[in-house]
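Asks: What follows is my_file-v9.txt; its format and atoms are compact mmCIF, C-alpha atoms.
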```
# COMPACT_ATOMS: atom_id res chain seq x y z
CA MET A 22 26.12 23.36 12.02
CA THR A 23 25.68 23.51 15.77
CA ALA A 24 24.58 20.96 18.29
CA LEU A 25 20.86 20.57 18.76
CA SER A 26 19.47 22.61 21.59
CA SER A 27 18.48 20.69 24.66
CA THR A 28 15.39 22.38 26.04
CA GLU A 29 13.04 21.21 28.75
CA ARG A 30 11.02 19.46 26.03
CA THR A 31 13.81 17.70 24.21
CA LYS A 32 15.83 16.75 27.26
CA LEU A 33 15.41 13.01 27.21
CA ARG A 34 13.69 11.97 30.37
CA ARG A 35 13.86 8.27 29.72
CA SER A 36 16.47 6.12 28.03
CA LYS A 37 19.22 8.72 27.99
CA ASP A 38 21.47 6.17 26.29
CA LYS A 39 19.16 6.25 23.28
CA GLY A 40 19.62 10.03 22.81
CA ARG A 41 21.88 11.34 20.07
CA GLU A 42 22.42 15.07 20.25
CA ASP A 43 24.51 15.52 17.13
CA ARG A 44 22.89 17.24 14.14
CA SER A 45 24.27 14.59 11.79
CA HIS A 46 22.10 12.01 13.53
CA LEU A 47 19.06 14.21 12.94
CA TYR A 48 19.86 14.52 9.23
CA ALA A 49 20.46 10.76 9.00
CA VAL A 50 16.97 10.03 10.35
CA LEU A 51 15.40 12.66 8.09
CA ARG A 52 17.18 11.17 5.07
CA ALA A 53 15.90 7.68 5.88
CA ALA A 54 12.17 8.49 5.58
CA PHE A 55 9.82 10.76 3.67
CA ILE A 56 6.66 10.65 5.78
CA CYS A 57 6.43 12.44 9.11
CA HIS A 58 3.66 12.73 11.67
CA LEU A 59 2.74 16.34 12.38
CA GLY A 60 1.21 16.99 15.80
CA ILE A 61 -0.92 20.10 16.25
CA ILE A 62 -3.57 21.24 18.69
CA VAL A 63 -7.07 21.81 17.30
CA ASP A 64 -9.73 23.11 19.69
CA GLY A 65 -7.68 21.95 22.66
CA THR A 66 -7.21 18.42 21.36
CA PRO A 67 -4.07 16.93 19.82
CA MET A 68 -4.28 15.93 16.15
CA VAL A 69 -1.65 13.81 14.41
CA VAL A 70 -1.47 14.07 10.61
CA PRO A 71 0.83 12.04 8.34
CA THR A 72 2.45 14.05 5.57
CA VAL A 73 5.50 14.16 3.30
CA TYR A 74 8.45 16.39 4.06
CA GLY A 75 11.78 17.62 2.79
CA PHE A 76 14.61 19.42 4.57
CA ASP A 77 17.77 21.47 4.24
CA ASP A 78 20.40 22.31 6.87
CA ASP A 79 18.12 24.66 8.78
CA HIS A 80 14.49 23.82 8.05
CA LEU A 81 12.00 21.05 7.64
CA TYR A 82 9.50 21.76 4.84
CA LEU A 83 5.96 20.45 4.80
CA HIS A 84 3.39 20.52 2.08
CA GLY A 85 0.71 22.38 3.98
CA SER A 86 -2.49 21.35 2.24
CA VAL A 87 -2.75 18.12 4.24
CA ALA A 88 -2.80 20.13 7.42
CA SER A 89 -5.27 22.75 6.33
CA ARG A 90 -6.87 22.81 9.73
CA SER A 91 -3.56 23.52 11.45
CA LEU A 92 -2.85 26.44 9.17
CA THR A 93 -5.88 28.32 10.35
CA GLN A 94 -4.53 28.25 13.89
CA PRO A 95 -2.45 31.09 15.26
CA ALA A 96 1.29 30.46 15.05
CA THR A 97 2.04 27.98 17.80
CA THR A 98 4.58 25.26 18.34
CA VAL A 99 4.04 21.98 16.54
CA CYS A 100 5.78 18.63 16.99
CA VAL A 101 6.96 16.67 13.97
CA THR A 102 8.03 13.07 14.49
CA VAL A 103 9.84 10.95 11.90
CA THR A 104 10.12 7.24 12.65
CA VAL A 105 11.96 4.48 10.81
CA VAL A 106 11.23 1.00 12.14
CA ASP A 107 14.19 -1.33 11.60
CA GLY A 108 12.77 -4.46 13.18
CA LEU A 109 11.58 -6.36 16.22
CA VAL A 110 13.83 -7.15 19.18
CA LEU A 111 12.78 -10.56 20.45
CA ALA A 112 14.15 -11.20 23.92
CA ARG A 113 13.89 -14.23 26.22
CA SER A 114 11.31 -12.40 28.34
CA LEU A 115 8.40 -10.39 26.99
CA PHE A 116 9.43 -7.61 29.37
CA GLU A 117 12.67 -7.09 27.41
CA HIS A 118 11.00 -7.11 23.99
CA SER A 119 11.66 -3.93 22.08
CA ILE A 120 11.79 -2.30 18.65
CA ASN A 121 14.87 -1.35 16.68
CA TYR A 122 14.17 2.09 15.29
CA ARG A 123 15.46 5.53 14.42
CA SER A 124 13.26 8.44 15.40
CA ALA A 125 13.50 12.23 15.39
CA MET A 126 11.21 14.62 17.21
CA ILE A 127 11.28 18.27 16.12
CA TYR A 128 9.56 21.14 17.90
CA GLY A 129 9.08 24.50 16.21
CA VAL A 130 6.74 27.27 15.14
CA PRO A 131 5.92 26.73 11.46
CA GLN A 132 6.37 29.67 9.15
CA ILE A 133 3.88 29.81 6.28
CA LEU A 134 5.90 30.70 3.20
CA VAL A 135 4.46 33.65 1.27
CA ASP A 136 7.05 34.59 -1.34
CA PRO A 137 6.38 32.49 -4.48
CA TRP A 138 10.10 31.78 -4.96
CA ASP A 139 10.42 30.58 -1.37
CA LYS A 140 7.38 28.36 -1.90
CA LEU A 141 8.78 26.99 -5.14
CA ASP A 142 12.11 26.28 -3.50
CA ALA A 143 10.45 24.47 -0.60
CA LEU A 144 8.35 22.44 -3.04
CA ARG A 145 11.51 21.53 -4.96
CA ILE A 146 13.17 20.37 -1.73
CA VAL A 147 10.17 18.23 -0.75
CA THR A 148 9.81 16.80 -4.29
CA GLU A 149 13.48 15.92 -4.57
CA HIS A 150 13.48 14.35 -1.11
CA VAL A 151 10.47 12.14 -1.85
CA THR A 152 11.29 11.37 -5.49
CA PRO A 153 14.81 12.39 -6.53
CA GLY A 154 14.88 13.45 -10.19
CA GLN A 155 11.18 14.26 -10.45
CA TRP A 156 11.58 18.05 -10.16
CA ASN A 157 13.35 18.13 -13.53
CA TYR A 158 10.94 15.62 -15.10
CA ALA A 159 7.32 16.43 -14.22
CA ARG A 160 5.50 19.66 -15.07
CA ARG A 161 6.23 22.29 -12.44
CA PRO A 162 3.41 24.23 -10.79
CA SER A 163 1.72 27.07 -12.62
CA THR A 164 1.32 30.42 -10.88
CA LYS A 165 -2.26 29.42 -10.03
CA GLU A 166 -1.24 26.00 -8.68
CA LEU A 167 1.54 27.53 -6.61
CA ALA A 168 -0.93 30.01 -5.15
CA ALA A 169 -3.16 27.07 -4.16
CA THR A 170 -0.22 25.34 -2.46
CA THR A 171 0.66 26.03 1.16
CA MET A 172 4.23 25.40 2.19
CA LEU A 173 5.47 25.40 5.79
CA ALA A 174 9.02 25.85 7.06
CA ILE A 175 9.85 24.58 10.55
CA PRO A 176 13.26 25.49 12.02
CA LEU A 177 15.52 22.52 12.74
CA ALA A 178 16.59 24.15 15.99
CA GLU A 179 14.95 22.15 18.76
CA ALA A 180 15.04 18.44 18.18
CA SER A 181 15.91 15.12 19.70
CA VAL A 182 16.91 11.84 18.13
CA LYS A 183 16.42 8.39 19.61
CA THR A 184 17.59 5.12 18.15
CA ARG A 185 17.86 1.50 19.15
CA SER A 186 19.75 -1.18 17.31
CA GLY A 187 21.23 -4.58 17.98
CA PRO A 188 20.22 -7.72 19.86
CA PRO A 189 18.03 -7.93 22.97
CA ASP A 190 19.40 -6.92 26.36
CA ASP A 191 18.74 -10.07 28.36
CA ALA A 192 21.63 -12.30 27.24
CA ASP A 193 23.31 -11.76 30.62
CA SER A 194 20.14 -12.22 32.67
CA PRO A 195 18.98 -15.40 34.42
CA ASP A 196 16.53 -15.77 31.49
CA ALA A 197 19.43 -16.89 29.26
CA ALA A 198 19.19 -20.25 31.05
CA LEU A 199 15.67 -20.76 29.68
CA GLY A 200 17.15 -21.96 26.39
CA LEU A 201 14.81 -19.78 24.35
CA TRP A 202 15.68 -18.33 20.95
CA ALA A 203 16.32 -14.59 21.01
CA GLY A 204 17.36 -12.14 18.33
CA GLU A 205 16.14 -9.59 15.84
CA LEU A 206 13.54 -9.78 13.09
CA PRO A 207 14.59 -7.00 10.73
CA LEU A 208 12.04 -5.09 8.68
CA ARG A 209 12.87 -3.18 5.53
CA SER A 210 10.96 -0.82 3.23
CA VAL A 211 11.49 -1.98 -0.33
CA TRP A 212 10.53 -0.12 -3.52
CA GLN A 213 8.70 -2.34 -5.96
CA ASP A 214 8.67 -2.20 -9.76
CA PRO A 215 6.96 0.94 -11.09
CA VAL A 216 3.34 0.48 -12.21
CA PRO A 217 2.55 2.59 -15.29
CA ASP A 218 -0.74 4.51 -15.31
CA PRO A 219 -3.13 2.26 -17.35
CA ALA A 220 -4.09 5.41 -19.28
CA LEU A 221 -0.50 5.90 -20.45
CA PRO A 222 -0.13 5.69 -24.26
CA ALA A 223 2.24 3.02 -25.58
CA GLY A 224 5.85 3.97 -26.08
CA ILE A 225 6.44 6.16 -23.02
CA GLU A 226 9.35 4.61 -21.17
CA THR A 227 9.76 4.67 -17.40
CA PRO A 228 12.32 7.41 -16.72
CA SER A 229 15.59 6.10 -15.31
CA HIS A 230 15.30 8.00 -12.00
CA ILE A 231 12.08 6.05 -11.31
CA ALA A 232 13.18 2.70 -12.73
CA GLN A 233 16.47 2.77 -10.84
CA ARG A 234 14.84 3.44 -7.50
CA ALA A 235 12.95 0.15 -7.61
CA ARG A 236 16.33 -1.60 -7.85
CA LEU A 237 17.80 0.07 -4.77
CA MET B 4 -20.03 -3.63 15.74
CA THR B 5 -21.48 -0.26 14.94
CA ALA B 6 -20.50 2.40 12.46
CA LEU B 7 -17.80 4.78 13.58
CA SER B 8 -19.13 7.96 15.08
CA SER B 9 -18.75 11.07 13.00
CA THR B 10 -18.01 13.90 15.38
CA GLU B 11 -16.89 17.42 14.61
CA ARG B 12 -13.29 16.17 14.81
CA THR B 13 -13.58 13.11 12.62
CA LYS B 14 -15.90 14.62 10.03
CA LEU B 15 -13.59 14.74 7.05
CA ARG B 16 -13.22 18.33 6.03
CA ARG B 17 -11.10 17.63 2.99
CA SER B 18 -11.10 14.78 0.50
CA LYS B 19 -14.46 13.35 1.51
CA ASP B 20 -13.98 10.68 -1.16
CA LYS B 21 -11.02 9.35 0.82
CA GLY B 22 -13.14 8.77 3.95
CA ARG B 23 -14.27 5.26 4.86
CA GLU B 24 -16.71 5.18 7.73
CA ASP B 25 -17.08 1.44 8.08
CA ARG B 26 -15.49 -0.23 11.12
CA SER B 27 -14.06 -2.98 8.94
CA HIS B 28 -11.88 -0.40 7.20
CA LEU B 29 -10.57 0.74 10.57
CA TYR B 30 -9.68 -2.83 11.57
CA ALA B 31 -8.02 -3.39 8.18
CA VAL B 32 -5.71 -0.40 8.71
CA LEU B 33 -4.96 -1.45 12.30
CA ARG B 34 -4.12 -4.99 11.12
CA ALA B 35 -1.71 -3.67 8.48
CA ALA B 36 0.70 -1.94 10.89
CA PHE B 37 2.04 -2.30 14.41
CA ILE B 38 3.46 1.17 15.11
CA CYS B 39 1.20 4.14 15.77
CA HIS B 40 1.94 7.79 16.50
CA LEU B 41 0.37 8.92 19.77
CA GLY B 42 -0.38 12.64 20.01
CA ILE B 43 -0.67 14.18 23.47
CA ILE B 44 -0.42 17.67 24.90
CA VAL B 45 2.43 18.34 27.33
CA ASP B 46 2.62 21.80 28.92
CA GLY B 47 0.43 23.24 26.18
CA THR B 48 2.52 21.83 23.34
CA PRO B 49 1.71 18.84 21.14
CA MET B 50 4.01 15.83 21.44
CA VAL B 51 3.99 12.92 18.99
CA VAL B 52 5.42 9.61 20.21
CA PRO B 53 5.82 6.44 18.13
CA THR B 54 4.81 3.25 19.93
CA VAL B 55 3.55 -0.28 19.33
CA TYR B 56 -0.12 -1.16 19.70
CA GLY B 57 -2.62 -3.98 19.63
CA PHE B 58 -6.41 -3.93 19.39
CA ASP B 59 -9.63 -5.85 19.83
CA ASP B 60 -13.14 -5.00 18.64
CA ASP B 61 -13.57 -2.14 21.07
CA HIS B 62 -10.17 -0.86 22.18
CA LEU B 63 -6.72 0.07 21.05
CA TYR B 64 -4.06 -0.98 23.57
CA LEU B 65 -0.77 0.84 24.03
CA HIS B 66 2.26 -0.11 26.01
CA GLY B 67 2.39 2.95 28.22
CA SER B 68 6.03 3.13 29.28
CA VAL B 69 7.06 4.91 26.08
CA ALA B 70 4.63 7.68 26.89
CA SER B 71 5.46 8.04 30.54
CA ARG B 72 5.12 11.79 30.32
CA SER B 73 1.58 11.56 28.97
CA LEU B 74 0.51 9.33 31.79
CA THR B 75 1.22 11.96 34.37
CA GLN B 76 -1.30 14.24 32.66
CA PRO B 77 -4.93 14.32 33.78
CA ALA B 78 -7.20 12.16 31.64
CA THR B 79 -7.64 14.06 28.41
CA THR B 80 -8.30 13.13 24.81
CA VAL B 81 -5.38 11.83 22.79
CA CYS B 82 -5.08 11.27 19.05
CA VAL B 83 -3.56 8.05 17.72
CA THR B 84 -2.66 7.88 14.05
CA VAL B 85 -1.71 4.70 12.20
CA THR B 86 -0.28 5.13 8.71
CA VAL B 87 0.65 2.56 6.09
CA VAL B 88 2.45 4.02 3.06
CA ASP B 89 1.76 1.96 -0.07
CA GLY B 90 3.74 4.02 -2.55
CA LEU B 91 4.27 7.20 -4.51
CA VAL B 92 1.74 8.51 -7.03
CA LEU B 93 3.73 10.09 -9.84
CA ALA B 94 1.54 12.31 -11.99
CA ARG B 95 2.32 14.36 -15.11
CA SER B 96 2.28 17.54 -13.02
CA LEU B 97 3.93 17.96 -9.64
CA PHE B 98 0.67 19.48 -8.43
CA GLU B 99 -1.10 16.11 -8.85
CA HIS B 100 1.63 14.09 -7.14
CA SER B 101 0.32 12.15 -4.18
CA ILE B 102 0.90 9.20 -1.87
CA ASN B 103 -0.97 5.91 -1.85
CA TYR B 104 -1.66 5.16 1.78
CA ARG B 105 -4.03 3.78 4.39
CA SER B 106 -4.42 5.83 7.53
CA ALA B 107 -6.58 5.74 10.65
CA MET B 108 -6.98 8.53 13.18
CA ILE B 109 -8.47 7.62 16.55
CA TYR B 110 -9.55 10.07 19.24
CA GLY B 111 -10.21 8.95 22.77
CA VAL B 112 -9.51 9.29 26.47
CA PRO B 113 -7.00 6.59 27.46
CA GLN B 114 -7.86 4.45 30.42
CA ILE B 115 -4.85 3.33 32.46
CA LEU B 116 -5.44 -0.34 33.22
CA VAL B 117 -5.10 -1.17 36.92
CA ASP B 118 -6.33 -4.74 37.31
CA PRO B 119 -3.34 -7.10 36.74
CA TRP B 120 -5.46 -9.47 34.63
CA ASP B 121 -6.63 -6.60 32.43
CA LYS B 122 -3.01 -5.48 32.04
CA LEU B 123 -1.88 -8.99 31.22
CA ASP B 124 -4.66 -9.37 28.65
CA ALA B 125 -3.76 -6.05 27.01
CA LEU B 126 -0.10 -7.05 26.92
CA ARG B 127 -1.05 -10.35 25.30
CA ILE B 128 -3.07 -8.51 22.65
CA VAL B 129 -0.19 -6.12 21.88
CA THR B 130 2.39 -8.95 21.85
CA GLU B 131 0.31 -11.15 19.56
CA HIS B 132 -0.39 -8.24 17.22
CA VAL B 133 3.29 -7.30 16.89
CA THR B 134 4.71 -10.85 16.94
CA PRO B 135 2.07 -13.57 16.55
CA GLY B 136 3.08 -16.70 18.48
CA GLN B 137 5.44 -14.97 20.87
CA TRP B 138 3.03 -14.89 23.83
CA ASN B 139 3.20 -18.68 24.09
CA TYR B 140 6.96 -18.77 23.48
CA ALA B 141 8.76 -16.10 25.51
CA ARG B 142 8.75 -15.81 29.30
CA ARG B 143 5.67 -13.93 30.45
CA PRO B 144 5.97 -11.00 32.86
CA SER B 145 6.49 -11.64 36.55
CA THR B 146 4.25 -9.89 39.07
CA LYS B 147 6.98 -7.31 39.57
CA GLU B 148 7.47 -6.74 35.83
CA LEU B 149 3.72 -6.42 35.30
CA ALA B 150 3.55 -3.84 38.08
CA ALA B 151 6.28 -1.87 36.28
CA THR B 152 4.32 -2.00 33.02
CA THR B 153 1.74 0.62 32.16
CA MET B 154 -0.97 -0.40 29.74
CA LEU B 155 -3.46 2.01 28.17
CA ALA B 156 -6.84 1.23 26.60
CA ILE B 157 -8.32 3.74 24.16
CA PRO B 158 -11.92 3.18 23.00
CA LEU B 159 -12.30 2.57 19.25
CA ALA B 160 -15.37 4.79 19.25
CA GLU B 161 -14.37 7.98 17.46
CA ALA B 162 -12.21 7.37 14.44
CA SER B 163 -11.77 8.16 10.80
CA VAL B 164 -10.05 6.25 8.03
CA LYS B 165 -8.54 7.71 4.90
CA THR B 166 -7.03 5.81 2.02
CA ARG B 167 -5.75 6.49 -1.48
CA SER B 168 -4.88 3.87 -4.04
CA GLY B 169 -4.44 3.60 -7.78
CA PRO B 170 -2.90 5.70 -10.55
CA PRO B 171 -2.57 9.50 -10.64
CA ASP B 172 -5.60 11.66 -11.38
CA ASP B 173 -4.35 13.66 -14.35
CA ALA B 174 -4.76 11.15 -17.18
CA ASP B 175 -7.75 13.15 -18.46
CA SER B 176 -6.12 16.55 -18.02
CA PRO B 177 -4.37 18.60 -20.72
CA ASP B 178 -1.11 17.41 -19.09
CA ALA B 179 -1.64 13.97 -20.68
CA ALA B 180 -0.49 15.58 -23.95
CA LEU B 181 2.95 16.26 -22.43
CA GLY B 182 3.96 12.68 -23.17
CA LEU B 183 5.41 12.19 -19.68
CA TRP B 184 5.52 8.87 -17.87
CA ALA B 185 3.05 8.63 -14.99
CA GLY B 186 2.18 5.85 -12.58
CA GLU B 187 2.83 4.41 -9.17
CA LEU B 188 6.04 3.46 -7.40
CA PRO B 189 4.85 0.93 -4.80
CA LEU B 190 6.59 0.57 -1.46
CA ARG B 191 6.39 -2.52 0.70
CA SER B 192 7.53 -3.43 4.21
CA VAL B 193 9.33 -6.75 4.02
CA TRP B 194 10.45 -8.93 6.94
CA GLN B 195 14.05 -10.06 6.57
CA ASP B 196 15.66 -13.27 7.81
CA PRO B 197 15.84 -13.45 11.63
CA VAL B 198 19.21 -12.50 13.15
CA PRO B 199 20.02 -14.67 16.18
CA ASP B 200 21.41 -12.92 19.27
CA PRO B 201 25.21 -13.42 19.01
CA ALA B 202 25.10 -14.51 22.66
CA LEU B 203 22.77 -17.39 21.84
CA PRO B 204 24.29 -20.83 22.60
CA ALA B 205 24.58 -23.23 19.66
CA GLY B 206 21.68 -25.55 19.00
CA ILE B 207 18.73 -23.24 19.73
CA GLU B 208 16.62 -23.23 16.59
CA THR B 209 14.62 -20.25 15.37
CA PRO B 210 11.01 -20.98 16.38
CA SER B 211 8.71 -21.52 13.41
CA HIS B 212 6.46 -18.53 14.19
CA ILE B 213 9.53 -16.28 13.77
CA ALA B 214 11.11 -18.12 10.85
CA GLN B 215 7.86 -18.23 8.91
CA ARG B 216 7.21 -14.54 9.22
CA ALA B 217 10.36 -13.69 7.28
CA ARG B 218 8.94 -15.70 4.39
CA LEU B 219 5.62 -13.82 4.26
```
Since I need it in another form, could you write the structure as structure tokens?
Replies:
Amino acid sequence: MTALSSTERTKLRRSKDKGREDRSHLYAVLRAAFICHLGIIVDGTPMVVPTVYGFDDDHLYLHGSVASRSLTQPATTVCVTVTVVDGLVLARSLFEHSINYRSAMIYGVPQILVDPWDKLDALRIVTEHVTPGQWNYARRPSTKELAATTMLAIPLAEASVKTRSGPPDDADSPDAALGLWAGELPLRSVWQDPVPDPALPAGIETPSHIAQRARL
Amino acid sequence: MTALSSTERTKLRRSKDKGREDRSHLYAVLRAAFICHLGIIVDGTPMVVPTVYGFDDDHLYLHGSVASRSLTQPATTVCVTVTVVDGLVLARSLFEHSINYRSAMIYGVPQILVDPWDKLDALRIVTEHVTPGQWNYARRPSTKELAATTMLAIPLAEASVKTRSGPPDDADSPDAALGLWAGELPLRSVWQDPVPDPALPAGIETPSHIAQRARL
């Protein structure tokens, strides 16, 4: 575990106080979400694709089929951004309004996994990140399905993390005299009760790893 | 209101059944979120930045200060992606696992607004989209603050919308015989109770447009 590299790209040009260079902050953001936005260049134009991910100490893993267009490109650097929105920051002035958030930006050249065991391992990591417990419950991919699956590994070597939390910044400004309410409006992602497939025969219980998640 | 253009970029190459070409579907996705991911190219590399937005019939408006680097680039096409995650689709096989989501991808050349009234109008649209009611409550920008604010307008002319909803797709497959549970695990963004700024003097009540939102 080493500090994240600070390259020209990930050197924070604005809001240096919002930068967190420790790897543990990167992992914390990656743990808090399961959808990322993958930025690639297609025919000279940026393209931003939402997709699920998983990660280990050294790599971010993406399920490649959603980015089929990107995979036909030569190996070039991509940008993956993970954002968790924690709420609105409502200041006295509109100018000081902000968002409380945790965000990670990762740059790297994706490696397309070829070895079936590497692919299976990456798929396990993504599955267990998105739905813990499901790898040991659902039917795993057949040889044919695995061959039809593209998995990408992106090194977690060049990344930056930005966060904001807490109340607005204008409590000490002349605007405090306006007598306006100011504070935060928190936002939270909440799992709902599982909805069984209507085609499910009677008597199949919701597995505990799914049922429990809705109570988190 | 015309149909969205279908260009080479927004022609859906995969999952044609998930494409919705009607403008009303685009507006519905834009109404359902307030954070987008802006994709730009910086020094030949894609960069994906999360930021708030607002919109009217013809334009998406972005608060430009978060993308200060992009604004120093010559006018080129950007990609803005808005994603709402509605839940996990848990199939019998891992291969059929999916996400229920609503997503819009917009391509366009951003126009940097120069006229102060245009900027103010764009700021009002973004403010009222993110926090309805706040434009008439908080202190509006001074001339100096407005000058320090960069607002972008991106035409809503070239866009695509993709959505998935409902149960998994393998109820009719041989995997149904496995006797495994399958269904959806819905996810919802929920506003929490407002948190007053600790520096707020006693006696300032939470305005109703903020208090009511937490009960939505």
Asks: So, counting all atoms listed in the file, which residue among B:Val81, B:Ile109, B:Leu65, B:Ala214 is closest to Ile61 of chain A?
Replies: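 Going through B:Val81, B:Ile109, B:Leu65, B:Ala214 one by one, the smallest distance to Ile61 of chain A is for B:Val81.
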Asks: Return the single residue from A:Ser229, A:Asn157, A:Ser119, A:Ser114 that is closest to chain B, with distances computed using all atoms listed in the file.
Replies: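 The closest residue to chain B is A:Ser114.
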Asks: Looking at A:Gly60, A:Gln233, A:Pro195, A:Leu134, which one is nearest to chain B, with distances taken over all atoms listed in the file?
Replies: A:Gly60
Asks: Find the residues near segment 26-40 of chain B: any atom within 8 Å, counting all atoms listed in the file, skip ones fewer than 4 places away on the same chain, and give them as a list in words.
Replies: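 Counting only the stated atoms, we get His58 and Val69 of chain A; Met4, Thr5, Ala6, Leu7, Val51, Val52, Pro53, Thr54, Val55, Tyr56, Gly57, Phe58, Val83, Thr84, Val85, Thr86, Val87, Arg105, Ser106, Ala107, His132, Val133, Ala162, Ser163 and Val164 of chain B.
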Asks: Atom CA of Gly67 of chain B to atom CA of Asp124 of chain B: how many Å, to one decimal?
Replies: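 The value is 14.2 Å.
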Asks: Could you work out how far atom CA of Asn103 of chain B lies from atom CA of Trp138 of chain A, giving the answer in Å with one decimal?
Replies: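 Computing it gives 28.3 Å between the two atoms.
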Asks: Of the candidates B:Gly169, B:Gly182, B:Pro113, B:Gly136, which shows the shortest atom-to-atom distance to Ile225 of chain A, using all atoms listed in the file?
Replies: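 Among the listed residues, B:Gly182 lies closest to Ile225 of chain A.
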Asks: Provide the atom CA of Glu131 of chain B to atom CA of Ala197 of chain A distance in Å, to one decimal place.
Replies: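 Result for atom CA of Glu131 of chain B versus atom CA of Ala197 of chain A: 22.2 Å, one decimal.
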Asks: So, with all atoms listed in the file as the atoms that count, which of B:Ile157, B:Ile44, B:Ala125, B:Ala205 lies closest to chain A?
Replies: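 Using all atoms listed in the file, the shortest distance to chain A belongs to B:Ile44.
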Asks: Please build the interface table for segment 98-152 of chain A against segment 158-162 of chain A with a cut-off of 12 Å, listing for each qualifying residue the nearest atom pair and the distance in Å to one decimal; count all atoms listed in the file, order rows by chain and increasing number, and write it as CSV.
Replies:
```
residue,atom,partner,partner_atom,distance
A:Pro137,CA,A:Pro162,CA,10.8
A:Trp138,CA,A:Pro162,CA,11.7
A:Lys140,CA,A:Pro162,CA,10.6
A:Leu141,CA,A:Pro162,CA,8.3
A:Asp142,CA,A:Arg161,CA,11.4
A:Leu144,CA,A:Pro162,CA,9.4
A:Arg145,CA,A:Arg161,CA,9.2
A:Thr148,CA,A:Ala159,CA,10.2
A:Glu149,CA,A:Tyr158,CA,10.8
A:Thr152,CA,A:Tyr158,CA,10.5
```
Asks: Ranking B:Leu188, B:Val198, B:Ala156, B:Val112 by minimum distance to Arg234 of chain A and counting only C-alpha atoms, which one comes first?
Replies: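 Smallest separation from Arg234 of chain A among the options: B:Leu188.
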Asks: List as a PDB file with C-alpha atoms, keeping the file's coordinate frame the protein and nucleic acid residues near Pro215 of chain A, meaning an atom at most 8 Å away when only C-alpha atoms are counted, but skip any in the same chain fewer than 4 places from it.
Replies:
```pdb
ATOM      1  CA  THR A 227       9.760   4.670 -17.400  1.00  0.00           C
ATOM      2  CA  ILE A 231      12.080   6.050 -11.310  1.00  0.00           C
ATOM      3  CA  ALA A 232      13.180   2.700 -12.730  1.00  0.00           C
ATOM      4  CA  ALA A 235      12.950   0.150  -7.610  1.00  0.00           C
TER       5      ALA A 235
ATOM      6  CA  GLY B 186       2.180   5.850 -12.580  1.00  0.00           C
ATOM      7  CA  GLU B 187       2.830   4.410  -9.170  1.00  0.00           C
ATOM      8  CA  LEU B 188       6.040   3.460  -7.400  1.00  0.00           C
ATOM      9  CA  PRO B 189       4.850   0.930  -4.800  1.00  0.00           C
TER      10      PRO B 189
END
```
